[in-house]
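Student: As input, take start08.txt (compact mmCIF, C-alpha atoms and all ligand atoms):
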# COMPACT_ATOMS: atom_id res chain seq x y z
CA MET A 1 -27.09 -10.84 -2.30
CA SER A 2 -25.92 -8.25 0.14
CA PHE A 3 -24.34 -8.26 3.58
CA TYR A 4 -27.16 -5.89 4.52
CA TYR A 5 -29.54 -8.86 4.96
CA GLU A 6 -27.05 -10.54 7.27
CA TYR A 7 -26.62 -7.28 9.17
CA GLU A 8 -30.41 -6.98 9.60
CA LYS A 9 -30.46 -10.36 11.33
CA LEU A 10 -27.26 -9.90 13.34
CA LYS A 11 -28.25 -6.51 14.74
CA GLU A 12 -31.15 -8.16 16.60
CA LEU A 13 -28.77 -10.21 18.76
CA PRO A 14 -28.95 -9.33 22.48
CA PHE A 15 -25.39 -7.95 22.51
CA GLN A 16 -25.47 -6.36 25.96
CA GLN A 17 -26.88 -9.48 27.56
CA TYR A 18 -24.24 -11.64 25.90
CA PHE A 19 -21.42 -9.29 26.90
CA GLN A 20 -22.60 -9.32 30.52
CA GLU A 21 -23.12 -13.06 30.72
CA PHE A 22 -20.01 -14.48 29.04
CA SER A 23 -17.66 -15.85 31.71
CA ASN A 24 -14.01 -16.84 32.05
CA LEU A 25 -15.06 -20.41 31.30
CA ASP A 26 -16.59 -19.34 27.98
CA VAL A 27 -13.35 -17.59 27.01
CA LYS A 28 -11.23 -20.63 27.97
CA ARG A 29 -13.52 -22.87 25.91
CA VAL A 30 -13.16 -20.64 22.84
CA LEU A 31 -9.39 -20.39 23.22
CA ASN A 32 -9.20 -24.18 22.97
CA LYS A 33 -11.07 -24.29 19.65
CA SER A 34 -9.42 -24.17 16.23
CA LYS A 35 -12.43 -22.92 14.23
CA LEU A 36 -14.59 -20.18 15.73
CA SER A 37 -18.30 -19.46 15.29
CA PRO A 38 -19.81 -15.95 15.33
CA GLU A 39 -20.81 -16.56 18.95
CA ASP A 40 -17.20 -17.47 19.79
CA LEU A 41 -16.12 -14.17 18.25
CA LEU A 42 -18.53 -12.33 20.54
CA VAL A 43 -17.01 -14.16 23.52
CA LEU A 44 -13.53 -12.90 22.51
CA LEU A 45 -14.84 -9.35 22.18
CA SER A 46 -16.60 -9.44 25.56
CA PRO A 47 -15.42 -7.84 28.81
CA ALA A 48 -14.68 -11.35 30.18
CA ALA A 49 -11.99 -11.81 27.48
CA GLU A 50 -10.12 -8.78 28.84
CA ASN A 51 -8.71 -11.19 31.46
CA PHE A 52 -7.18 -13.31 28.69
CA ILE A 53 -5.42 -10.77 26.49
CA GLU A 54 -2.04 -12.50 26.98
CA GLU A 55 -3.44 -15.85 25.83
CA MET A 56 -5.25 -14.25 22.88
CA ALA A 57 -2.08 -12.38 21.90
CA GLN A 58 0.01 -15.57 22.00
CA LYS A 59 -2.47 -17.49 19.87
CA SER A 60 -2.87 -14.57 17.48
CA HIS A 61 0.91 -14.37 17.06
CA GLU A 62 1.18 -18.09 16.31
CA LEU A 63 -1.63 -18.03 13.74
CA THR A 64 -0.21 -14.94 12.04
CA VAL A 65 3.26 -16.46 11.70
CA GLN A 66 1.69 -19.71 10.47
CA HIS A 67 -0.26 -17.97 7.69
CA PHE A 68 1.89 -14.94 6.82
CA GLY A 69 5.37 -15.73 8.13
CA LYS A 70 7.25 -12.99 9.96
CA THR A 71 6.45 -10.34 7.38
CA ILE A 72 4.94 -6.85 7.35
CA GLN A 73 3.89 -5.45 4.01
CA LEU A 74 4.50 -1.72 3.66
CA PHE A 75 2.45 0.77 1.67
CA ASN A 76 1.81 4.47 1.62
CA PRO A 77 -1.20 6.67 0.96
CA ILE A 78 -1.00 9.27 -1.80
CA TYR A 79 -3.64 11.99 -1.66
CA ILE A 80 -4.38 13.44 -5.10
CA ALA A 81 -7.45 15.59 -4.26
CA ASP A 82 -9.37 16.71 -1.18
CA HIS A 83 -12.64 17.99 -2.66
CA CYS A 84 -15.57 16.36 -0.90
CA VAL A 85 -19.34 16.81 -1.13
CA ASN A 86 -20.13 14.93 2.09
CA HIS A 87 -20.55 16.24 5.58
CA CYS A 88 -18.99 13.62 7.85
CA THR A 89 -18.70 15.01 11.36
CA TYR A 90 -15.32 13.37 12.06
CA CYS A 91 -13.29 14.41 8.99
CA SER A 92 -11.30 17.51 8.04
CA PHE A 93 -12.28 17.15 4.38
CA SER A 94 -15.98 17.54 5.24
CA VAL A 95 -17.76 19.98 2.90
CA VAL A 96 -18.55 22.29 5.84
CA ASN A 97 -14.87 22.92 6.58
CA HIS A 98 -13.44 25.86 4.69
CA PHE A 99 -9.88 25.65 3.41
CA GLU A 100 -8.22 25.88 0.04
CA ARG A 101 -9.04 22.60 -1.71
CA LYS A 102 -6.56 20.99 -4.09
CA LYS A 103 -6.61 18.56 -6.97
CA LEU A 104 -3.35 17.47 -8.56
CA SER A 105 -2.87 17.61 -12.33
CA MET A 106 -1.39 14.57 -14.10
CA ALA A 107 1.99 16.33 -14.19
CA GLU A 108 1.79 16.99 -10.43
CA ILE A 109 0.81 13.36 -9.78
CA GLU A 110 3.88 12.25 -11.71
CA VAL A 111 6.13 14.48 -9.57
CA GLU A 112 4.45 13.16 -6.40
CA ALA A 113 4.89 9.57 -7.61
CA LYS A 114 8.58 10.11 -8.33
CA ALA A 115 9.15 11.59 -4.87
CA LEU A 116 7.35 8.71 -3.17
CA ALA A 117 8.99 6.01 -5.30
CA GLU A 118 12.46 7.17 -4.20
CA SER A 119 11.96 5.35 -0.88
CA GLY A 120 11.72 2.03 -2.73
CA LEU A 121 8.03 1.67 -1.94
CA LYS A 122 6.01 -0.42 -4.43
CA HIS A 123 2.47 -0.52 -3.00
CA ILE A 124 0.40 2.65 -2.79
CA LEU A 125 -3.11 3.65 -1.81
CA VAL A 126 -4.59 6.52 -3.85
CA LEU A 127 -6.99 8.73 -1.93
CA THR A 128 -9.34 11.55 -2.79
CA GLY A 129 -12.23 13.16 -0.96
CA GLU A 130 -15.58 12.00 -2.26
CA SER A 131 -16.73 14.15 -5.17
CA LYS A 132 -17.69 12.67 -8.50
CA THR A 133 -17.74 16.20 -9.91
CA HIS A 134 -14.16 17.08 -8.99
CA THR A 135 -12.67 13.60 -9.27
CA PRO A 136 -14.71 11.70 -11.89
CA VAL A 137 -13.86 8.15 -12.87
CA HIS A 138 -11.86 9.24 -15.95
CA TYR A 139 -9.66 11.48 -13.73
CA ILE A 140 -9.00 8.56 -11.36
CA ALA A 141 -8.30 6.23 -14.31
CA ASP A 142 -5.83 8.69 -15.84
CA SER A 143 -4.13 9.12 -12.44
CA ILE A 144 -3.79 5.34 -12.06
CA LYS A 145 -2.12 5.08 -15.46
CA VAL A 146 0.49 7.64 -14.37
CA LEU A 147 1.05 5.98 -10.99
CA LYS A 148 1.37 2.51 -12.50
CA LYS A 149 4.62 3.64 -14.15
CA TYR A 150 6.15 3.79 -10.66
CA PHE A 151 4.19 1.32 -8.52
CA PRO A 152 3.24 -2.27 -9.41
CA SER A 153 0.35 -2.29 -6.95
CA VAL A 154 -2.17 0.55 -6.76
CA ALA A 155 -5.19 0.51 -4.45
CA ILE A 156 -7.88 3.17 -4.22
CA GLU A 157 -9.82 4.80 -1.39
CA ILE A 158 -12.24 7.10 -3.21
CA ASN A 159 -16.00 7.67 -3.44
CA PRO A 160 -17.96 4.39 -3.83
CA LEU A 161 -18.58 3.45 -7.47
CA ASP A 162 -20.82 1.16 -9.48
CA THR A 163 -19.42 -2.20 -10.61
CA ASP A 164 -18.85 -1.11 -14.23
CA GLU A 165 -16.96 1.97 -12.99
CA TYR A 166 -14.73 -0.23 -10.85
CA LYS A 167 -14.13 -2.38 -13.94
CA GLN A 168 -12.84 0.72 -15.76
CA LEU A 169 -10.38 1.28 -12.93
CA VAL A 170 -9.30 -2.36 -12.91
CA ASP A 171 -8.57 -1.94 -16.63
CA ALA A 172 -6.49 1.14 -15.76
CA GLY A 173 -4.42 -0.92 -13.31
CA VAL A 174 -6.17 -0.85 -9.92
CA ASP A 175 -5.77 -4.04 -7.90
CA GLY A 176 -6.92 -2.95 -4.43
CA LEU A 177 -9.94 -1.25 -2.87
CA VAL A 178 -10.22 0.24 0.60
CA VAL A 179 -13.68 1.20 1.77
CA TYR A 180 -14.74 1.56 5.37
CA GLN A 181 -18.34 1.35 6.46
CA GLU A 182 -17.18 3.82 9.18
CA VAL A 183 -19.95 2.68 11.55
CA TYR A 184 -22.18 -0.38 11.13
CA ASN A 185 -24.85 0.84 13.54
CA GLU A 186 -27.27 2.29 10.99
CA GLU A 187 -28.68 4.95 13.30
CA ALA A 188 -25.24 6.13 14.35
CA TYR A 189 -24.28 6.14 10.66
CA LYS A 190 -27.07 8.59 9.84
CA SER A 191 -26.13 10.82 12.76
CA VAL A 192 -22.49 11.31 11.68
CA HIS A 193 -23.09 11.43 7.91
CA ILE A 194 -25.17 14.56 7.82
CA LYS A 195 -25.18 15.45 4.14
CA GLY A 196 -24.18 14.08 0.75
CA PRO A 197 -24.35 10.75 -1.09
CA LYS A 198 -22.49 9.03 1.75
CA ARG A 199 -25.74 9.13 3.74
CA ASP A 200 -26.82 6.12 1.66
CA TYR A 201 -25.87 3.44 4.19
CA ARG A 202 -26.83 0.49 2.01
CA TYR A 203 -24.94 1.69 -1.09
CA ARG A 204 -21.80 2.05 1.01
CA MET A 205 -22.24 -1.34 2.64
CA ASP A 206 -22.51 -3.01 -0.79
CA THR A 207 -19.39 -1.23 -2.11
CA PRO A 208 -16.83 -3.94 -1.22
CA GLU A 209 -19.08 -6.47 -2.93
CA ARG A 210 -19.26 -4.37 -6.11
CA GLY A 211 -15.46 -4.12 -6.01
CA CYS A 212 -15.16 -7.92 -5.74
CA GLU A 213 -17.62 -8.35 -8.61
CA ALA A 214 -15.49 -6.01 -10.73
CA GLY A 215 -12.48 -8.27 -10.16
CA ILE A 216 -10.52 -6.17 -7.68
CA ARG A 217 -7.95 -8.51 -6.13
CA GLN A 218 -7.58 -7.04 -2.63
CA VAL A 219 -10.49 -5.51 -0.71
CA ASN A 220 -9.92 -3.91 2.70
CA ILE A 221 -12.92 -3.07 4.87
CA GLY A 222 -13.19 -1.56 8.33
CA ALA A 223 -14.98 0.49 10.95
CA LEU A 224 -13.80 3.81 12.36
CA LEU A 225 -13.65 3.03 16.05
CA GLY A 226 -15.11 5.65 18.33
CA LEU A 227 -18.38 6.23 16.46
CA ASP A 228 -20.26 3.54 18.43
CA ASP A 229 -19.68 0.60 20.82
CA TRP A 230 -16.35 -0.82 19.62
CA ARG A 231 -17.23 -4.42 20.58
CA LYS A 232 -20.27 -4.47 18.29
CA GLU A 233 -18.49 -2.58 15.53
CA ALA A 234 -15.58 -5.03 15.58
CA PHE A 235 -18.08 -7.91 15.44
CA PHE A 236 -19.91 -6.53 12.39
CA THR A 237 -16.61 -5.78 10.62
CA ALA A 238 -15.40 -9.35 11.08
CA MET A 239 -18.76 -10.77 10.01
CA HIS A 240 -18.72 -8.58 6.91
CA ALA A 241 -15.21 -9.86 6.06
CA LYS A 242 -16.33 -13.45 6.60
CA TYR A 243 -19.33 -12.88 4.32
CA LEU A 244 -17.10 -11.48 1.54
CA GLN A 245 -14.51 -14.23 1.95
CA SER A 246 -17.12 -16.95 1.59
CA ARG A 247 -18.57 -15.46 -1.61
CA TYR A 248 -15.50 -14.11 -3.38
CA ILE A 249 -12.91 -16.80 -2.88
CA ASP A 250 -10.49 -15.22 -5.38
CA ALA A 251 -10.43 -11.91 -3.50
CA ASP A 252 -8.06 -11.20 -0.65
CA ILE A 253 -10.24 -9.66 2.08
CA SER A 254 -8.47 -7.70 4.82
CA LEU A 255 -9.57 -5.53 7.73
CA SER A 256 -8.65 -2.32 9.51
CA LEU A 257 -9.82 -0.78 12.75
CA PRO A 258 -8.70 2.86 12.60
CA ARG A 259 -9.43 5.02 15.64
CA ILE A 260 -10.65 8.59 15.27
CA ARG A 261 -7.83 11.13 15.24
CA PRO A 262 -7.89 14.93 15.76
CA HIS A 263 -9.30 16.74 12.72
CA LEU A 264 -10.84 20.07 11.74
CA GLY A 265 -14.13 20.70 13.54
CA GLU A 266 -15.58 20.20 17.00
CA TYR A 267 -16.81 16.60 16.81
CA GLU A 268 -16.14 14.51 19.92
CA PRO A 269 -16.49 10.74 19.46
CA PRO A 270 -19.13 9.15 21.73
CA SER A 271 -17.01 6.09 22.50
CA ILE A 272 -13.42 6.03 23.75
CA VAL A 273 -11.43 3.06 22.49
CA GLU A 274 -8.38 2.38 24.62
CA ASP A 275 -5.18 0.66 23.46
CA ARG A 276 -6.10 -2.58 25.27
CA HIS A 277 -9.45 -2.62 23.47
CA LEU A 278 -7.75 -2.30 20.10
CA VAL A 279 -5.41 -5.16 21.03
CA GLN A 280 -8.41 -7.27 22.05
CA ALA A 281 -10.21 -6.53 18.76
CA ILE A 282 -7.15 -7.26 16.58
CA THR A 283 -6.36 -10.54 18.31
CA ALA A 284 -10.04 -11.58 18.22
CA PHE A 285 -10.02 -10.87 14.45
CA ARG A 286 -6.97 -13.07 13.97
CA LEU A 287 -8.48 -15.97 15.90
CA PHE A 288 -11.76 -15.71 13.98
CA LEU A 289 -10.22 -15.03 10.54
CA PRO A 290 -6.75 -16.61 10.57
CA ARG A 291 -6.02 -15.88 6.87
CA SER A 292 -7.19 -12.25 6.68
CA GLY A 293 -4.71 -9.42 6.45
CA ILE A 294 -4.93 -6.76 9.17
CA THR A 295 -3.80 -3.23 8.32
CA LEU A 296 -2.50 -0.65 10.79
CA SER A 297 -2.04 2.99 9.78
CA THR A 298 0.08 5.84 11.11
CA ARG A 299 -2.94 6.99 13.15
CA GLU A 300 -1.44 4.91 15.96
CA ARG A 301 1.57 5.89 18.10
CA PRO A 302 5.04 4.53 17.19
CA GLU A 303 5.57 2.40 20.32
CA PHE A 304 2.07 0.96 20.10
CA ARG A 305 2.51 0.11 16.39
CA ASP A 306 5.84 -1.55 17.14
CA ASN A 307 4.22 -3.87 19.68
CA LEU A 308 1.26 -4.70 17.46
CA ILE A 309 3.62 -6.23 14.89
CA TYR A 310 3.77 -9.34 17.09
CA LEU A 311 0.03 -9.59 17.57
CA GLY A 312 -1.59 -10.07 14.18
CA VAL A 313 -0.94 -7.01 12.03
CA THR A 314 0.28 -7.84 8.51
CA LYS A 315 0.32 -4.49 6.70
CA MET A 316 1.42 -0.99 7.71
CA SER A 317 1.75 2.45 6.20
CA ALA A 318 4.98 4.31 6.99
CA GLY A 319 6.30 7.80 6.43
CA ALA A 320 2.78 8.76 5.37
CA SER A 321 1.36 12.15 4.47
CA THR A 322 -2.42 12.71 4.63
CA GLU A 323 -2.48 15.96 2.65
CA VAL A 324 -2.68 16.49 -1.09
CA GLY A 325 0.79 16.70 -2.65
CA GLY A 326 2.33 15.94 0.74
CA TYR A 327 5.45 14.27 -0.67
CA SER A 328 6.53 16.78 -3.31
CA GLN A 329 4.67 20.08 -3.35
CA CYS A 330 6.65 23.10 -2.18
CA ASP A 331 3.97 23.90 0.42
CA ALA A 332 3.86 20.30 1.73
CA GLY A 333 3.28 20.28 5.47
CA THR A 334 1.30 23.52 5.42
CA GLY A 335 -1.91 22.17 3.90
CA THR A 336 -4.93 20.57 5.53
CA PRO A 337 -4.37 16.85 6.26
CA GLN A 338 -7.39 14.54 6.42
CA PHE A 339 -6.42 13.70 10.00
CA ASP A 340 -3.38 14.09 12.24
CA ILE A 341 -0.72 11.40 12.07
CA SER A 342 0.66 9.86 15.29
CA ASP A 343 3.61 7.94 13.89
CA GLU A 344 5.74 10.52 12.11
CA ARG A 345 8.76 8.29 11.53
CA SER A 346 10.13 8.05 8.01
CA PHE A 347 9.63 5.05 5.75
CA ALA A 348 13.29 4.05 6.30
CA GLU A 349 12.93 4.28 10.10
CA VAL A 350 9.86 2.03 10.13
CA LYS A 351 11.54 -0.43 7.79
CA LYS A 352 14.54 -0.57 10.14
CA MET A 353 12.32 -1.07 13.19
CA ILE A 354 10.54 -4.02 11.50
CA LYS A 355 13.90 -5.67 10.73
CA GLU A 356 15.12 -5.13 14.29
CA LYS A 357 12.06 -7.01 15.52
CA GLY A 358 13.05 -10.02 13.44
CA TYR A 359 10.41 -9.42 10.78
CA GLN A 360 10.83 -8.88 7.06
CA PRO A 361 9.50 -5.60 5.65
CA VAL A 362 7.86 -6.51 2.32
CA LEU A 363 7.92 -3.74 -0.28
CA LYS A 364 6.45 -5.74 -3.12
CA ASP A 365 4.50 -8.98 -3.02
CA TRP A 366 2.55 -8.81 -6.25
CA GLU A 367 2.70 -7.60 -9.83
CA LEU A 368 0.37 -8.27 -12.73
CA LEU A 369 2.34 -9.69 -15.66
CA VAL A 370 0.84 -8.82 -19.02
S1 LIG B 401 -14.61 10.82 5.49
FE1 LIG B 401 -14.45 10.78 3.26
S2 LIG B 401 -16.50 11.31 2.57
FE2 LIG B 401 -16.38 11.95 4.70
S3 LIG B 401 -15.76 14.08 4.64
FE3 LIG B 401 -13.91 12.84 4.82
S4 LIG B 401 -13.20 12.55 2.74
FE4 LIG B 401 -15.35 13.23 2.63
How does the structure come out when it is put into structure tokens?

Tutor:
Amino acid sequence: MSFYYEYEKLKELPFQQYFQEFSNLDVKRVLNKSKLSPEDLLVLLSPAAENFIEEMAQKSHELTVQHFGKTIQLFNPIYIADHCVNHCTYCSFSVVNHFERKKLSMAEIEVEAKALAESGLKHILVLTGESKTHTPVHYIADSIKVLKKYFPSVAIEINPLDTDEYKQLVDAGVDGLVVYQEVYNEEAYKSVHIKGPKRDYRYRMDTPERGCEAGIRQVNIGALLGLDDWRKEAFFTAMHAKYLQSRYIDADISLSLPRIRPHLGEYEPPSIVEDRHLVQAITAFRLFLPRSGITLSTRERPEFRDNLIYLGVTKMSAGASTEVGGYSQCDAGTGTPQFDISDERSFAEVKKMIKEKGYQPVLKDWELLV
């Protein structure tokens, strides 16, 4: 099976007609339901639902507290290499951008891990650009083994792999996978992924499923908002999550909706996604998928992130660096980050803010006992 077959059917829906025709009455009807259908999700993502953001936010808050308590799990990205063979128009690491590329040695990864672990952080996300030549599976596996000495939970955001390759990384200690489809609209996908293996839309779409098949415990999917109509993109993301949840009941499926940030290059996103739209999408996700985690990165501004804590977000990065060796290398802060960060507060500052809001910052919620 593949979500691609579902996508092929869903993409034929008359989205624009639906979005124009849904009324206030439709939104009120959906807000009174406890279990939502895909059509109900479209109602919550429609322009009509913009009149009900307060009600959606209240319901989203209640459902989040019911399923997750007042907790925010914290994690940080750790970039170990930025070599990439793809040309994605929206990313600084694109192969067409010229800067001095880096790849950390095992000794450098250990130094980076020590620096990051000092904050007390226990969950990390390991990132590379996408290049099987520069960062082959054995390099990633060796890196994981080093990082596992410091962090009980290690997730990866690297080039998509085959199932048996993911199994090798699970054996090395990986328990989480982050892979964004970037844009579900297949035509838009081809237009922003100009060159490289990432042009294979279907292989990327099946990646979360291969990760689940390999036994990865947490799988986080998402769309990069700005590349196409955010209402449709949010809909496909939620439907993809629902599909995975129904087939891989042991996996913890979560979602993200990052917005495009400034980066190297001239690319201008075709769709502007305002704060209120992101709030609408996040609260619609929560109402449709009450048990799914929702991750928010430092791409968003501090005051906006602080408010989203109440509205459905369950996981945040804090004090993040998006450049290779950004926590320990002597030239940290002078390299090329993957994208610009909006929330530059330290890990300790974000932790304090979460406590002040009456929530518990969770540094560790899982460890494999062997
Ligand atoms: S988005 Fe990923 S694959 Fe695309 S250029 Fe950036 S690092 Fe490479």

Student: From the options A:Leu125, A:Ala284, A:Val179, A:Met106, which residue's atoms come nearest to ligand LIG 401 (chain B), counting all atoms listed in the file?

Tutor: A:Val179

Student: Pick out the closest residue to ligand LIG 401 (chain B) from this set: A:Asp306, A:Asp200, A:Asp252, A:Asp206. Count all atoms listed in the file.

Tutor: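 Looking only at the distances to ligand LIG 401 (chain B), the closest residue turns out to be A:Asp200.
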
Student: Choose the residue, out of A:Asn76, A:Gln329, A:Thr89, A:Asn24, that has the smallest atom-to-atom separation from ligand LIG 401 (chain B); count only C-alpha atoms and all ligand atoms.

Tutor: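 Residue with the minimum atom-to-atom distance to ligand LIG 401 (chain B): A:Thr89.
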
Student: Using CA of Val137 (chain A) and CA of Phe75 (chain A) as the two end points, give the distance in Å to one decimal.

Tutor: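 Those two atoms sit 23.1 Å apart.
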
Student: What gap, in Å, lies between CA of Asn159 (chain A) and CA of Lys102 (chain A)?

Tutor: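 These atoms are spaced 16.3 Å apart.
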
Student: For Met205 (chain A), find every residue with an atom within 10 Å (counting all atoms listed in the file), except residues of its own chain fewer than 4 positions away, and show them as a PyMOL selection string.

Tutor: chain A and resi 2-4+7+160+179-182+184+200-201+209-210+221+240

Student: Counting only C-alpha atoms and all ligand atoms, which of A:Glu39, A:Glu50, A:Glu130, A:Glu55 gets nearest to ligand LIG 401 (chain B)?

Tutor: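 Looking at the shortest contact to ligand LIG 401 (chain B), the residue is A:Glu130.
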
Student: Which neighbours of Ser191 (chain A) fall inside 10 Å, counting all atoms listed in the file, when residues of the same chain fewer than 3 positions from it are skipped, and could you give them as a short mmCIF file (atom, residue, chain, number, x, y, z; two decimals) with C-alpha atoms, in the frame of the given file?

Tutor:
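As written to disk, selection08.cif reads:
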data_model
loop_
_atom_site.label_atom_id
_atom_site.label_comp_id
_atom_site.auth_asym_id
_atom_site.auth_seq_id
_atom_site.Cartn_x
_atom_site.Cartn_y
_atom_site.Cartn_z
CA CYS A 88 -18.99 13.62 7.85
CA THR A 89 -18.70 15.01 11.36
CA GLU A 186 -27.27 2.29 10.99
CA GLU A 187 -28.68 4.95 13.30
CA ALA A 188 -25.24 6.13 14.35
CA ILE A 194 -25.17 14.56 7.82
CA LYS A 195 -25.18 15.45 4.14
CA ARG A 199 -25.74 9.13 3.74
CA LEU A 227 -18.38 6.23 16.46
#

Student: Show me which residues sit within 9 Å of ligand LIG 401 (chain B) when counting only C-alpha atoms and all ligand atoms, and put them as JSON, numbers by chain.

Tutor: {"A": [82, 83, 84, 85, 86, 87, 88, 89, 90, 91, 92, 93, 94, 95, 96, 127, 128, 129, 130, 131, 157, 158, 159, 182, 193, 196, 197, 198, 338]}

Student: Using all atoms listed in the file, which residue out of A:Glu303, A:Glu100, A:Val126, A:Arg259 lies closest to His277 (chain A)?

Tutor: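 The shortest atom-to-atom distance to His277 (chain A) comes from A:Arg259.
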
Student: From the set A:Leu311, A:Arg291, A:Val362, A:Thr207, which residue has the shortest atom-to-atom contact distance to Gln66 (chain A), counting all atoms listed in the file?

Tutor: A:Arg291

Student: What's the separation between CA of Lys11 (chain A) and CA of Asp26 (chain A), in Å to one decimal place?

Tutor: 21.8 Å

Student: Which residues, written as a PyMOL selection string, have at least one atom at most 12 Å from Leu36 (chain A), with only C-alpha atoms counted and residues fewer than 4 positions away on the same chain left out?

Tutor: chain A and resi 27+29-32+40-44+238-239+242+284-290

Student: Give the padded box for region 300-319 of chain A as lines of an AutoDock Vina configuration file: axis-aligned, covering all atoms listed in the file, 8 Å on each side, centre and edge lengths in Å to one decimal.

Tutor:
center_x = 2.4
center_y = -1.1
center_z = 13.3
size_x = 23.9
size_y = 33.9
size_z = 30.1

Student: Write out as a PyMOL selection string which residues come within 8 Å of region 339-353 of chain A when counting only C-alpha atoms, dropping same-chain ones fewer than 6 positions away.

Tutor: chain A and resi 91-92+119+261-264+298-302+306+318-322+361

Student: Output C-alpha atoms for every residue in that selection, as a PDB file, keeping the file's coordinate frame.

Tutor:
ATOM      1  CA  CYS A  91     -13.290  14.410   8.990  1.00  0.00           C
ATOM      2  CA  SER A  92     -11.300  17.510   8.040  1.00  0.00           C
ATOM      3  CA  SER A 119      11.960   5.350  -0.880  1.00  0.00           C
ATOM      4  CA  ARG A 261      -7.830  11.130  15.240  1.00  0.00           C
ATOM      5  CA  PRO A 262      -7.890  14.930  15.760  1.00  0.00           C
ATOM      6  CA  HIS A 263      -9.300  16.740  12.720  1.00  0.00           C
ATOM      7  CA  LEU A 264     -10.840  20.070  11.740  1.00  0.00           C
ATOM      8  CA  THR A 298       0.080   5.840  11.110  1.00  0.00           C
ATOM      9  CA  ARG A 299      -2.940   6.990  13.150  1.00  0.00           C
ATOM     10  CA  GLU A 300      -1.440   4.910  15.960  1.00  0.00           C
ATOM     11  CA  ARG A 301       1.570   5.890  18.100  1.00  0.00           C
ATOM     12  CA  PRO A 302       5.040   4.530  17.190  1.00  0.00           C
ATOM     13  CA  ASP A 306       5.840  -1.550  17.140  1.00  0.00           C
ATOM     14  CA  ALA A 318       4.980   4.310   6.990  1.00  0.00           C
ATOM     15  CA  GLY A 319       6.300   7.800   6.430  1.00  0.00           C
ATOM     16  CA  ALA A 320       2.780   8.760   5.370  1.00  0.00           C
ATOM     17  CA  SER A 321       1.360  12.150   4.470  1.00  0.00           C
ATOM     18  CA  THR A 322      -2.420  12.710   4.630  1.00  0.00           C
ATOM     19  CA  PRO A 361       9.500  -5.600   5.650  1.00  0.00           C
TER      20      PRO A 361
END

Student: Give me, as a CSV table (one decimal) with C-alpha atoms, in the frame of the given file, all polymer residues having an atom no more than 10 Å from Lys145 (chain A), counting all atoms listed in the file and skipping those fewer than 4 positions away in the same chain.

Tutor:
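Contents of out_35.csv, freshly written:
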chain,number,residue,atom,x,y,z
A,106,MET,CA,-1.4,14.6,-14.1
A,140,ILE,CA,-9.0,8.6,-11.4
A,141,ALA,CA,-8.3,6.2,-14.3
A,149,LYS,CA,4.6,3.6,-14.2
A,150,TYR,CA,6.2,3.8,-10.7
A,154,VAL,CA,-2.2,0.6,-6.8
A,169,LEU,CA,-10.4,1.3,-12.9
A,171,ASP,CA,-8.6,-1.9,-16.6
A,172,ALA,CA,-6.5,1.1,-15.8
A,173,GLY,CA,-4.4,-0.9,-13.3
A,174,VAL,CA,-6.2,-0.8,-9.9

Student: List the residues sitting within 7 Å of (-3.6, 16.0, -2.6) in the file's frame, using all atoms listed in the file, as number ranges by chain.

Tutor: A: 79-82, 102-104, 323-326
